[in-house]
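Source file: upload.pdb (PDB, C-alpha atoms and all ligand atoms)
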```pdb
MODEL        1
ATOM      1  CA  MET A1353      46.560  10.483  30.421  1.00  0.00           C
ATOM      2  CA  SER A1354      44.216  11.100  33.366  1.00  0.00           C
ATOM      3  CA  THR A1355      42.189   8.042  34.386  1.00  0.00           C
ATOM      4  CA  ALA A1356      38.814   9.505  33.499  1.00  0.00           C
ATOM      5  CA  PHE A1357      39.644  11.204  30.202  1.00  0.00           C
ATOM      6  CA  THR A1358      36.538  12.399  28.394  1.00  0.00           C
ATOM      7  CA  ALA A1359      36.437  13.532  24.781  1.00  0.00           C
ATOM      8  CA  ILE A1360      33.582  14.746  22.650  1.00  0.00           C
ATOM      9  CA  LEU A1361      33.375  14.035  18.966  1.00  0.00           C
ATOM     10  CA  LEU A1362      31.798  16.602  16.641  1.00  0.00           C
ATOM     11  CA  GLY A1363      31.284  16.611  12.889  1.00  0.00           C
ATOM     12  CA  PRO A1364      28.644  16.736  10.158  1.00  0.00           C
ATOM     13  CA  PRO A1365      26.870  13.604   8.845  1.00  0.00           C
ATOM     14  CA  GLY A1366      29.272  11.228   7.151  1.00  0.00           C
ATOM     15  CA  SER A1367      32.405  12.809   8.616  1.00  0.00           C
ATOM     16  CA  GLY A1368      33.440   9.447  10.088  1.00  0.00           C
ATOM     17  CA  LYS A1369      32.784  10.129  13.781  1.00  0.00           C
ATOM     18  CA  SER A1370      31.533   6.609  14.423  1.00  0.00           C
ATOM     19  CA  THR A1371      34.476   5.064  12.590  1.00  0.00           C
ATOM     20  CA  GLN A1372      36.890   7.065  14.751  1.00  0.00           C
ATOM     21  CA  ALA A1373      34.912   6.240  17.902  1.00  0.00           C
ATOM     22  CA  ASN A1374      35.139   2.540  16.992  1.00  0.00           C
ATOM     23  CA  PHE A1375      38.919   2.832  16.611  1.00  0.00           C
ATOM     24  CA  LEU A1376      39.082   4.465  20.048  1.00  0.00           C
ATOM     25  CA  VAL A1377      37.008   1.640  21.509  1.00  0.00           C
ATOM     26  CA  LYS A1378      39.232  -1.030  19.967  1.00  0.00           C
ATOM     27  CA  GLU A1379      42.620   0.606  20.495  1.00  0.00           C
ATOM     28  CA  LEU A1380      42.174   2.509  23.752  1.00  0.00           C
ATOM     29  CA  GLU A1381      39.290   0.566  25.323  1.00  0.00           C
ATOM     30  CA  ALA A1382      37.143   3.685  25.266  1.00  0.00           C
ATOM     31  CA  VAL A1383      33.441   3.642  26.052  1.00  0.00           C
ATOM     32  CA  HIS A1384      31.474   5.041  23.093  1.00  0.00           C
ATOM     33  CA  VAL A1385      28.494   7.105  24.183  1.00  0.00           C
ATOM     34  CA  ASP A1386      26.542   7.404  20.925  1.00  0.00           C
ATOM     35  CA  ILE A1387      23.652   9.796  21.507  1.00  0.00           C
ATOM     36  CA  GLY A1388      22.202   9.425  17.980  1.00  0.00           C
ATOM     37  CA  LEU A1389      22.166   5.629  18.265  1.00  0.00           C
ATOM     38  CA  ALA A1390      20.447   5.725  21.668  1.00  0.00           C
ATOM     39  CA  LEU A1391      17.838   8.110  20.248  1.00  0.00           C
ATOM     40  CA  ARG A1392      17.306   5.914  17.146  1.00  0.00           C
ATOM     41  CA  LYS A1393      16.667   2.925  19.414  1.00  0.00           C
ATOM     42  CA  THR A1394      14.066   4.888  21.384  1.00  0.00           C
ATOM     43  CA  ALA A1395      12.547   6.126  18.100  1.00  0.00           C
ATOM     44  CA  GLU A1396      11.897   2.508  17.054  1.00  0.00           C
ATOM     45  CA  MET A1397       9.638   1.961  20.067  1.00  0.00           C
ATOM     46  CA  SER A1398       5.916   2.547  19.736  1.00  0.00           C
ATOM     47  CA  THR A1399       5.780   4.490  23.019  1.00  0.00           C
ATOM     48  CA  PRO A1400       4.666   8.164  23.027  1.00  0.00           C
ATOM     49  CA  LEU A1401       8.323   9.183  23.524  1.00  0.00           C
ATOM     50  CA  GLY A1402       9.469   6.893  20.682  1.00  0.00           C
ATOM     51  CA  VAL A1403       6.861   8.302  18.297  1.00  0.00           C
ATOM     52  CA  ARG A1404       7.814  11.866  19.253  1.00  0.00           C
ATOM     53  CA  ILE A1405      11.544  11.277  18.757  1.00  0.00           C
ATOM     54  CA  SER A1406      10.972   9.469  15.457  1.00  0.00           C
ATOM     55  CA  ASP A1407       8.982  12.428  14.152  1.00  0.00           C
ATOM     56  CA  ILE A1408      11.788  14.845  15.062  1.00  0.00           C
ATOM     57  CA  MET A1409      14.688  12.697  13.826  1.00  0.00           C
ATOM     58  CA  ASN A1410      13.246  10.866  10.860  1.00  0.00           C
ATOM     59  CA  ARG A1411      10.624  13.235   9.468  1.00  0.00           C
ATOM     60  CA  ARG A1412      11.753  16.730  10.458  1.00  0.00           C
ATOM     61  CA  LYS A1413      15.496  15.851  10.724  1.00  0.00           C
ATOM     62  CA  GLU A1414      15.883  18.354  13.529  1.00  0.00           C
ATOM     63  CA  LEU A1415      17.525  18.211  16.938  1.00  0.00           C
ATOM     64  CA  VAL A1416      15.589  16.486  19.703  1.00  0.00           C
ATOM     65  CA  PRO A1417      14.886  18.579  22.845  1.00  0.00           C
ATOM     66  CA  ASP A1418      17.760  19.119  25.250  1.00  0.00           C
ATOM     67  CA  ASP A1419      16.037  17.427  28.207  1.00  0.00           C
ATOM     68  CA  ILE A1420      15.805  14.145  26.277  1.00  0.00           C
ATOM     69  CA  VAL A1421      19.502  14.348  25.338  1.00  0.00           C
ATOM     70  CA  GLU A1422      20.327  15.079  28.982  1.00  0.00           C
ATOM     71  CA  GLU A1423      18.490  11.944  30.072  1.00  0.00           C
ATOM     72  CA  VAL A1424      20.192   9.770  27.450  1.00  0.00           C
ATOM     73  CA  LEU A1425      23.608  11.118  28.448  1.00  0.00           C
ATOM     74  CA  SER A1426      22.939  10.660  32.142  1.00  0.00           C
ATOM     75  CA  GLY A1427      21.823   7.047  31.633  1.00  0.00           C
ATOM     76  CA  ALA A1428      24.876   6.269  29.521  1.00  0.00           C
ATOM     77  CA  LEU A1429      27.403   7.853  31.911  1.00  0.00           C
ATOM     78  CA  ALA A1430      25.860   6.181  34.944  1.00  0.00           C
ATOM     79  CA  SER A1431      26.910   2.772  33.648  1.00  0.00           C
ATOM     80  CA  VAL A1432      30.556   3.712  32.948  1.00  0.00           C
ATOM     81  CA  SER A1433      33.233   3.013  35.509  1.00  0.00           C
ATOM     82  CA  PRO A1434      35.105   6.194  36.504  1.00  0.00           C
ATOM     83  CA  ASP A1435      38.486   5.019  35.214  1.00  0.00           C
ATOM     84  CA  ARG A1436      37.311   4.437  31.623  1.00  0.00           C
ATOM     85  CA  LEU A1437      38.053   6.725  28.698  1.00  0.00           C
ATOM     86  CA  VAL A1438      34.731   8.082  27.412  1.00  0.00           C
ATOM     87  CA  ILE A1439      33.951   9.323  23.912  1.00  0.00           C
ATOM     88  CA  ILE A1440      30.720  11.284  23.684  1.00  0.00           C
ATOM     89  CA  ASP A1441      29.597  11.155  20.070  1.00  0.00           C
ATOM     90  CA  GLY A1442      26.957  13.729  19.192  1.00  0.00           C
ATOM     91  CA  ALA A1443      26.655  16.104  22.163  1.00  0.00           C
ATOM     92  CA  PRO A1444      26.738  18.988  22.776  1.00  0.00           C
ATOM     93  CA  ARG A1445      25.035  19.624  19.459  1.00  0.00           C
ATOM     94  CA  CYS A1446      23.986  23.224  20.139  1.00  0.00           C
ATOM     95  CA  SER A1447      25.185  26.025  22.422  1.00  0.00           C
ATOM     96  CA  ALA A1448      22.476  25.329  25.021  1.00  0.00           C
ATOM     97  CA  GLN A1449      23.789  21.789  25.461  1.00  0.00           C
ATOM     98  CA  ILE A1450      27.340  22.929  26.359  1.00  0.00           C
ATOM     99  CA  GLY A1451      26.312  23.741  29.934  1.00  0.00           C
ATOM    100  CA  ILE A1452      24.121  20.633  30.144  1.00  0.00           C
ATOM    101  CA  VAL A1453      27.014  18.380  29.144  1.00  0.00           C
ATOM    102  CA  ASP A1454      29.422  20.173  31.517  1.00  0.00           C
ATOM    103  CA  ALA A1455      26.994  19.848  34.441  1.00  0.00           C
ATOM    104  CA  MET A1456      26.322  16.197  33.661  1.00  0.00           C
ATOM    105  CA  LEU A1457      30.022  15.395  33.430  1.00  0.00           C
ATOM    106  CA  LYS A1458      30.616  17.164  36.736  1.00  0.00           C
ATOM    107  CA  ILE A1459      28.138  14.827  38.439  1.00  0.00           C
ATOM    108  CA  PHE A1460      30.306  11.928  37.251  1.00  0.00           C
ATOM    109  CA  GLU A1461      33.515  13.773  38.229  1.00  0.00           C
ATOM    110  CA  ARG A1462      34.488  14.313  34.613  1.00  0.00           C
ATOM    111  CA  LYS A1463      35.039  17.284  32.306  1.00  0.00           C
ATOM    112  CA  VAL A1464      35.539  17.799  28.585  1.00  0.00           C
ATOM    113  CA  ASP A1465      39.269  17.085  28.238  1.00  0.00           C
ATOM    114  CA  ALA A1466      39.232  17.319  24.454  1.00  0.00           C
ATOM    115  CA  ALA A1467      36.799  18.223  21.705  1.00  0.00           C
ATOM    116  CA  ILE A1468      37.582  16.523  18.413  1.00  0.00           C
ATOM    117  CA  TYR A1469      36.058  18.101  15.312  1.00  0.00           C
ATOM    118  CA  VAL A1470      36.073  16.033  12.126  1.00  0.00           C
ATOM    119  CA  ALA A1471      35.537  18.617   9.376  1.00  0.00           C
ATOM    120  CA  LEU A1472      33.842  17.764   6.054  1.00  0.00           C
ATOM    121  CA  SER A1473      32.211  19.802   3.260  1.00  0.00           C
ATOM    122  CA  GLU A1474      28.486  19.562   2.518  1.00  0.00           C
ATOM    123  CA  LYS A1475      29.231  18.108  -0.930  1.00  0.00           C
ATOM    124  CA  GLU A1476      31.315  15.290   0.526  1.00  0.00           C
ATOM    125  CA  SER A1477      28.823  14.739   3.354  1.00  0.00           C
ATOM    126  CA  VAL A1478      25.977  14.218   0.837  1.00  0.00           C
ATOM    127  CA  ARG A1479      28.163  12.027  -1.396  1.00  0.00           C
ATOM    128  CA  ARG A1480      29.150   9.763   1.487  1.00  0.00           C
ATOM    129  CA  ILE A1481      25.726   9.454   3.090  1.00  0.00           C
ATOM    130  CA  SER A1482      24.053   8.622  -0.220  1.00  0.00           C
ATOM    131  CA  ARG A1483      26.264   5.500  -0.364  1.00  0.00           C
ATOM    132  CA  ARG A1484      26.038   4.582   3.347  1.00  0.00           C
ATOM    133  CA  TRP A1485      24.382   1.421   4.630  1.00  0.00           C
ATOM    134  CA  MET A1486      24.536   0.205   8.239  1.00  0.00           C
ATOM    135  CA  CYS A1487      24.504  -3.096  10.045  1.00  0.00           C
ATOM    136  CA  PRO A1488      21.419  -2.902  12.318  1.00  0.00           C
ATOM    137  CA  GLN A1489      23.165  -5.149  14.840  1.00  0.00           C
ATOM    138  CA  CYS A1490      26.739  -3.818  15.259  1.00  0.00           C
ATOM    139  CA  ASN A1491      25.984  -0.384  13.688  1.00  0.00           C
ATOM    140  CA  ARG A1492      29.085  -0.507  11.512  1.00  0.00           C
ATOM    141  CA  PRO A1493      28.767   1.687   8.407  1.00  0.00           C
ATOM    142  CA  PHE A1494      29.344   0.134   4.949  1.00  0.00           C
ATOM    143  CA  VAL A1495      29.944   2.087   1.748  1.00  0.00           C
ATOM    144  CA  ARG A1496      28.134   0.813  -1.316  1.00  0.00           C
ATOM    145  CA  GLY A1497      30.562   0.476  -4.212  1.00  0.00           C
ATOM    146  CA  ALA A1498      33.538   0.132  -1.852  1.00  0.00           C
ATOM    147  CA  ASP A1499      32.613  -2.265   0.976  1.00  0.00           C
ATOM    148  CA  PHE A1500      29.867  -4.102  -0.920  1.00  0.00           C
ATOM    149  CA  GLN A1501      28.273  -4.049  -4.385  1.00  0.00           C
ATOM    150  CA  GLU A1502      25.212  -6.256  -4.485  1.00  0.00           C
ATOM    151  CA  GLU A1503      21.609  -5.683  -3.325  1.00  0.00           C
ATOM    152  CA  ASN A1504      20.732  -7.369  -0.021  1.00  0.00           C
ATOM    153  CA  ALA A1505      24.339  -7.401   1.209  1.00  0.00           C
ATOM    154  CA  MET A1506      24.959  -8.811   4.686  1.00  0.00           C
ATOM    155  CA  CYS A1507      27.184  -7.655   7.541  1.00  0.00           C
ATOM    156  CA  PRO A1508      30.154 -10.069   7.376  1.00  0.00           C
ATOM    157  CA  THR A1509      30.320 -10.225  11.191  1.00  0.00           C
ATOM    158  CA  CYS A1510      26.654 -10.322  12.260  1.00  0.00           C
ATOM    159  CA  ARG A1511      25.240 -12.072   9.149  1.00  0.00           C
ATOM    160  CA  VAL A1512      22.237  -9.731   9.043  1.00  0.00           C
ATOM    161  CA  ARG A1513      21.123  -7.657   6.063  1.00  0.00           C
ATOM    162  CA  LEU A1514      22.519  -4.123   5.784  1.00  0.00           C
ATOM    163  CA  LEU A1515      19.959  -1.336   6.046  1.00  0.00           C
ATOM    164  CA  ARG A1516      19.791   2.397   5.423  1.00  0.00           C
ATOM    165  CA  ARG A1517      19.075   4.830   8.242  1.00  0.00           C
ATOM    166  CA  LYS A1518      15.655   6.482   7.857  1.00  0.00           C
ATOM    167  CA  ASP A1519      17.270   9.951   7.876  1.00  0.00           C
ATOM    168  CA  ASP A1520      19.964   9.027   5.310  1.00  0.00           C
ATOM    169  CA  THR A1521      18.151  10.400   2.267  1.00  0.00           C
ATOM    170  CA  GLU A1522      19.699  13.186   0.155  1.00  0.00           C
ATOM    171  CA  GLU A1523      17.115  15.661   1.461  1.00  0.00           C
ATOM    172  CA  GLY A1524      17.745  14.318   4.990  1.00  0.00           C
ATOM    173  CA  VAL A1525      21.480  14.784   4.887  1.00  0.00           C
ATOM    174  CA  ARG A1526      21.204  18.294   3.406  1.00  0.00           C
ATOM    175  CA  LYS A1527      18.850  19.273   6.225  1.00  0.00           C
ATOM    176  CA  ARG A1528      21.099  17.704   8.876  1.00  0.00           C
ATOM    177  CA  PHE A1529      24.129  19.482   7.401  1.00  0.00           C
ATOM    178  CA  GLN A1530      22.273  22.808   7.693  1.00  0.00           C
ATOM    179  CA  VAL A1531      21.320  21.993  11.277  1.00  0.00           C
ATOM    180  CA  PHE A1532      24.989  21.181  11.947  1.00  0.00           C
ATOM    181  CA  ALA A1533      26.211  24.454  10.391  1.00  0.00           C
ATOM    182  CA  LEU A1534      23.665  26.528  12.280  1.00  0.00           C
ATOM    183  CA  ASN A1535      23.669  24.826  15.673  1.00  0.00           C
ATOM    184  CA  THR A1536      26.849  22.795  16.087  1.00  0.00           C
ATOM    185  CA  LEU A1537      29.513  25.001  14.477  1.00  0.00           C
ATOM    186  CA  PRO A1538      29.071  27.537  17.332  1.00  0.00           C
ATOM    187  CA  VAL A1539      29.852  24.634  19.714  1.00  0.00           C
ATOM    188  CA  VAL A1540      33.039  23.913  17.741  1.00  0.00           C
ATOM    189  CA  GLU A1541      33.991  27.598  18.033  1.00  0.00           C
ATOM    190  CA  HIS A1542      33.310  27.486  21.777  1.00  0.00           C
ATOM    191  CA  TYR A1543      35.864  24.693  22.272  1.00  0.00           C
ATOM    192  CA  ARG A1544      38.317  26.405  19.916  1.00  0.00           C
ATOM    193  CA  LYS A1545      38.153  29.518  22.121  1.00  0.00           C
ATOM    194  CA  GLU A1546      38.578  27.385  25.246  1.00  0.00           C
ATOM    195  CA  GLY A1547      41.763  25.956  23.696  1.00  0.00           C
ATOM    196  CA  ASN A1548      40.794  22.287  23.799  1.00  0.00           C
ATOM    197  CA  LEU A1549      39.784  21.692  20.184  1.00  0.00           C
ATOM    198  CA  LEU A1550      41.509  19.258  17.852  1.00  0.00           C
ATOM    199  CA  GLU A1551      40.321  19.878  14.290  1.00  0.00           C
ATOM    200  CA  VAL A1552      41.027  17.085  11.822  1.00  0.00           C
ATOM    201  CA  ASP A1553      40.375  16.714   8.112  1.00  0.00           C
ATOM    202  CA  GLY A1554      37.528  14.240   7.495  1.00  0.00           C
ATOM    203  CA  THR A1555      38.695  13.559   3.924  1.00  0.00           C
ATOM    204  CA  LYS A1556      41.910  12.003   5.223  1.00  0.00           C
ATOM    205  CA  ASP A1557      42.312   8.217   5.199  1.00  0.00           C
ATOM    206  CA  PRO A1558      40.484   6.975   8.352  1.00  0.00           C
ATOM    207  CA  VAL A1559      43.528   5.088   9.694  1.00  0.00           C
ATOM    208  CA  MET A1560      45.782   8.150   9.254  1.00  0.00           C
ATOM    209  CA  LEU A1561      43.097  10.305  10.834  1.00  0.00           C
ATOM    210  CA  PHE A1562      42.951   7.971  13.794  1.00  0.00           C
ATOM    211  CA  GLY A1563      46.725   8.370  14.161  1.00  0.00           C
ATOM    212  CA  ASP A1564      46.209  12.129  14.710  1.00  0.00           C
ATOM    213  CA  ILE A1565      43.344  11.583  17.157  1.00  0.00           C
ATOM    214  CA  ARG A1566      45.141   8.879  19.078  1.00  0.00           C
ATOM    215  CA  ALA A1567      48.282  11.015  19.437  1.00  0.00           C
ATOM    216  CA  HIS A1568      46.175  13.861  20.816  1.00  0.00           C
ATOM    217  CA  VAL A1569      44.305  11.661  23.279  1.00  0.00           C
ATOM    218  CA  VAL A1570      47.327   9.794  24.647  1.00  0.00           C
ATOM    219  CA  SER A1571      49.355  13.006  25.023  1.00  0.00           C
ATOM    220  CA  HIS A1572      46.928  14.227  27.707  1.00  0.00           C
TER
HETATM  221  P1  LIG A1601      23.607  11.141  14.554  1.00  0.00           P
HETATM  222  O1  LIG A1601      23.482   9.670  14.773  1.00  0.00           O
HETATM  223  O2  LIG A1601      24.684  11.756  15.380  1.00  0.00           O
HETATM  224  O3  LIG A1601      23.697  11.480  13.089  1.00  0.00           O
HETATM  225  O4  LIG A1601      22.236  11.781  15.065  1.00  0.00           O
HETATM  226  C1  LIG A1601      21.017  11.439  14.453  1.00  0.00           C
HETATM  227  C2  LIG A1601      19.930  12.383  14.922  1.00  0.00           C
HETATM  228  O5  LIG A1601      19.757  12.233  16.344  1.00  0.00           O
HETATM  229  C3  LIG A1601      20.165  13.846  14.703  1.00  0.00           C
HETATM  230  O6  LIG A1601      19.837  14.265  13.386  1.00  0.00           O
HETATM  231  C4  LIG A1601      19.231  14.463  15.759  1.00  0.00           C
HETATM  232  O7  LIG A1601      17.887  14.406  15.338  1.00  0.00           O
HETATM  233  C5  LIG A1601      19.393  13.489  16.925  1.00  0.00           C
HETATM  234  N1  LIG A1601      20.470  13.883  17.849  1.00  0.00           N
HETATM  235  C6  LIG A1601      21.665  13.240  18.049  1.00  0.00           C
HETATM  236  N2  LIG A1601      22.386  13.865  18.994  1.00  0.00           N
HETATM  237  C7  LIG A1601      21.641  14.929  19.392  1.00  0.00           C
HETATM  238  C8  LIG A1601      21.831  15.986  20.340  1.00  0.00           C
HETATM  239  N3  LIG A1601      22.944  16.094  21.081  1.00  0.00           N
HETATM  240  N4  LIG A1601      20.853  16.899  20.460  1.00  0.00           N
HETATM  241  C9  LIG A1601      19.711  16.823  19.764  1.00  0.00           C
HETATM  242  N5  LIG A1601      19.473  15.872  18.849  1.00  0.00           N
HETATM  243  C10 LIG A1601      20.421  14.930  18.666  1.00  0.00           C
ENDMDL
END
```

Would you mind writing the structure in this file as structure tokens?
Ligand code: AMP
Amino acid sequence: MSTAFTAILLGPPGSGKSTQANFLVKELEAVHVDIGLALRKTAEMSTPLGVRISDIMNRRKELVPDDIVEEVLSGALASVSPDRLVIIDGAPRCSAQIGIVDAMLKIFERKVDAAIYVALSEKESVRRISRRWMCPQCNRPFVRGADFQEENAMCPTCRVRLLRRKDDTEEGVRKRFQVFALNTLPVVEHYRKEGNLLEVDGTKDPVMLFGDIRAHVVSH
């Protein structure tokens, strides 16, 4: 594996991108660049930018403008040492961002070494998201009915109450799935054509799925 391996993680809502990114962090000491999380944090601020992002993400459930994503990505990459494995979760999310991500990686002497696409149907995406809660502190997802049952459940690690993301409504996930199909599937096809796409089945057991991803990453 080259010292500055960089992978991007693509997939519709609920496909398990964050779970796989967390495995990569734990097992391969990767740095997880989570664009959606960084944007959600900004959206919680009562600054003009925060209010604008919140409107786009939480009310319209659309993509935020490319220049904002570029800034988030630049800030995140600037703090990563060059020899660390980086997983970019959530960008490029549309064709226009492919060049932006490439140019940004070039500044940090990186390139997209692998694009990992976790595929999932709309039906399964909606089913999963409608049962998803998150820990607001460690951002780990929890599935109601599997990981916890009761109202007001707490994160076992952080001891804070689990919450739902503002955009995790049924209408929200359907809209985000459409946005994914329209804007992000062309990005998947771009990497397929370039020959550096690993497509994995998001319905597979997460540990087995990680086995496939890990094998791909370490073989580089
Ligand atoms: P995620 O956490 O990946 O589900 O992203 C949550 C939301 O953040 C998306 O629905 C978009 O509104 C926004 N977002 C995340 N990544 C991007 C991106 N690369 N470009 C534009 N918007 C993004």

| query | So which residues are near ligand LIG 1601 (chain A), meaning at most 8 Å away with all atoms listed in the file counted, given back as a VMD selection string? | reply | chain A and resid 1364 to 1365 1386 to 1389 1391 to 1392 1405 1408 to 1410 1413 to 1418 1421 1441 to 1446 1449 1519 1528

| message | I'd like the residues picked by the PyMOL selection byres (((chain A and resi 1426) around 12) and not hetatm) written out as a PyMOL selection string, using the chain letters and numbers from the file. | response | chain A and resi 1385+1387+1390+1419-1425+1427-1432+1440+1443+1452-1460

| field | Spatial neighbours of range 1543-1545 of chain A, 12 Å, all atoms listed in the file, chain gap at least 3 places, as a ChimeraX atom specification | value | /A:1359-1362,1444,1447,1450,1464-1469,1536-1540,1548-1551

With 6 Å of padding per side, what axis-aligned box (centre and edge lengths, Å, one decimal) covers all the listed atoms of range 1559-1567 of chain A? Give it as AutoDock Vina command-line options.
```
--center_x 45.6 --center_y 8.6 --center_z 14.3 --size_x 17.3 --size_y 19.0 --size_z 22.2
```

| said: Can you pull out the residues contacting Val1552 in chain A? Cut-off 12 Å, using all atoms listed in the file, and skip same-chain residues under 6 positions away; I want them as a PyMOL selection string. | reply: chain A and resi 1361-1363+1367-1369+1372+1467-1472+1558+1560-1566+1568

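The gap separating CA of Cys1487 in chain A from CA of Pro1508 in chain A is 9.4 Å, in Å to one decimal.
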
| query | Taking into account all atoms listed in the file, which residue in the set A:Lys1378, A:His1384, A:His1542, A:Arg1526 is nearest to Ser1473 in chain A? | reply |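 When distances to Ser1473 in chain A are compared using all atoms listed in the file, the smallest one comes from A:Arg1526.
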
Check what the PyMOL selection byres (((chain A and resi 1509) around 10) and not hetatm) selects in the file above and give those residues as a PDB file with C-alpha atoms, in the coordinates of the input.
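Contents of part.pdb, as written:
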```pdb
ATOM      1  CA  CYS A1487      24.504  -3.096  10.045  1.00  0.00           C
ATOM      2  CA  GLN A1489      23.165  -5.149  14.840  1.00  0.00           C
ATOM      3  CA  CYS A1490      26.739  -3.818  15.259  1.00  0.00           C
ATOM      4  CA  ARG A1492      29.085  -0.507  11.512  1.00  0.00           C
ATOM      5  CA  MET A1506      24.959  -8.811   4.686  1.00  0.00           C
ATOM      6  CA  CYS A1507      27.184  -7.655   7.541  1.00  0.00           C
ATOM      7  CA  PRO A1508      30.154 -10.069   7.376  1.00  0.00           C
ATOM      8  CA  CYS A1510      26.654 -10.322  12.260  1.00  0.00           C
ATOM      9  CA  ARG A1511      25.240 -12.072   9.149  1.00  0.00           C
ATOM     10  CA  VAL A1512      22.237  -9.731   9.043  1.00  0.00           C
TER      11      VAL A1512
END
```

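Here CA of Lys1393 in chain A is placed at a distance of 9.5 Å from CA of Ser1406 in chain A.
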
| field | All residues 7 Å or closer to Ser1482 in chain A, all atoms listed in the file, same chain fewer than 2 positions away omitted, as number ranges by chain | value | A: 1478-1480, 1484, 1520-1522

| field | Counting only C-alpha atoms, the residue of A:Val1495, A:Val1531, A:Val1570, A:Leu1437 that sits nearest Phe1357 in chain A | value |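 The shortest atom-to-atom distance to Phe1357 in chain A comes from A:Leu1437.
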
| field | Among listed residues A:Ser1398, A:Leu1376, A:Thr1358, A:Asp1499, nearest Val1559 in chain A (using all atoms listed in the file) | value | A:Leu1376

For range 1387-1400 of chain A, supply N, CA, C and O atoms and format the output as a compact mmCIF listing (two decimals), in the frame of the given file.
```
# COMPACT_ATOMS: atom_id res chain seq x y z
N ILE A 1387 24.96 9.21 21.21
CA ILE A 1387 23.65 9.80 21.51
C ILE A 1387 22.66 9.50 20.37
O ILE A 1387 21.51 9.13 20.62
N GLY A 1388 23.10 9.66 19.12
CA GLY A 1388 22.20 9.43 17.98
C GLY A 1388 21.68 7.99 17.97
O GLY A 1388 20.50 7.75 17.73
N LEU A 1389 22.57 7.04 18.26
CA LEU A 1389 22.17 5.63 18.26
C LEU A 1389 21.13 5.37 19.37
O LEU A 1389 20.12 4.70 19.14
N ALA A 1390 21.39 5.92 20.55
CA ALA A 1390 20.45 5.72 21.67
C ALA A 1390 19.08 6.32 21.31
O ALA A 1390 18.04 5.72 21.58
N LEU A 1391 19.10 7.48 20.64
CA LEU A 1391 17.84 8.11 20.25
C LEU A 1391 17.14 7.29 19.16
O LEU A 1391 15.92 7.13 19.18
N ARG A 1392 17.92 6.74 18.21
CA ARG A 1392 17.31 5.91 17.15
C ARG A 1392 16.63 4.68 17.74
O ARG A 1392 15.58 4.26 17.29
N LYS A 1393 17.27 4.11 18.78
CA LYS A 1393 16.67 2.92 19.41
C LYS A 1393 15.34 3.29 20.07
O LYS A 1393 14.37 2.56 19.97
N THR A 1394 15.32 4.44 20.74
CA THR A 1394 14.07 4.89 21.38
C THR A 1394 13.02 5.19 20.32
O THR A 1394 11.83 4.89 20.49
N ALA A 1395 13.48 5.75 19.18
CA ALA A 1395 12.55 6.13 18.10
C ALA A 1395 11.89 4.91 17.46
O ALA A 1395 10.86 5.03 16.80
N GLU A 1396 12.49 3.73 17.63
CA GLU A 1396 11.90 2.51 17.05
C GLU A 1396 10.77 1.95 17.92
O GLU A 1396 10.04 1.07 17.51
N MET A 1397 10.67 2.47 19.16
CA MET A 1397 9.64 1.96 20.07
C MET A 1397 8.31 2.66 19.80
O MET A 1397 8.29 3.84 19.48
N SER A 1398 7.22 1.92 20.00
CA SER A 1398 5.92 2.55 19.74
C SER A 1398 5.34 3.17 21.01
O SER A 1398 4.13 3.11 21.25
N THR A 1399 6.21 3.75 21.83
CA THR A 1399 5.78 4.49 23.02
C THR A 1399 5.55 5.95 22.60
O THR A 1399 6.06 6.37 21.54
N PRO A 1400 4.84 6.75 23.40
CA PRO A 1400 4.67 8.16 23.03
C PRO A 1400 6.01 8.87 22.82
O PRO A 1400 6.18 9.65 21.88
```
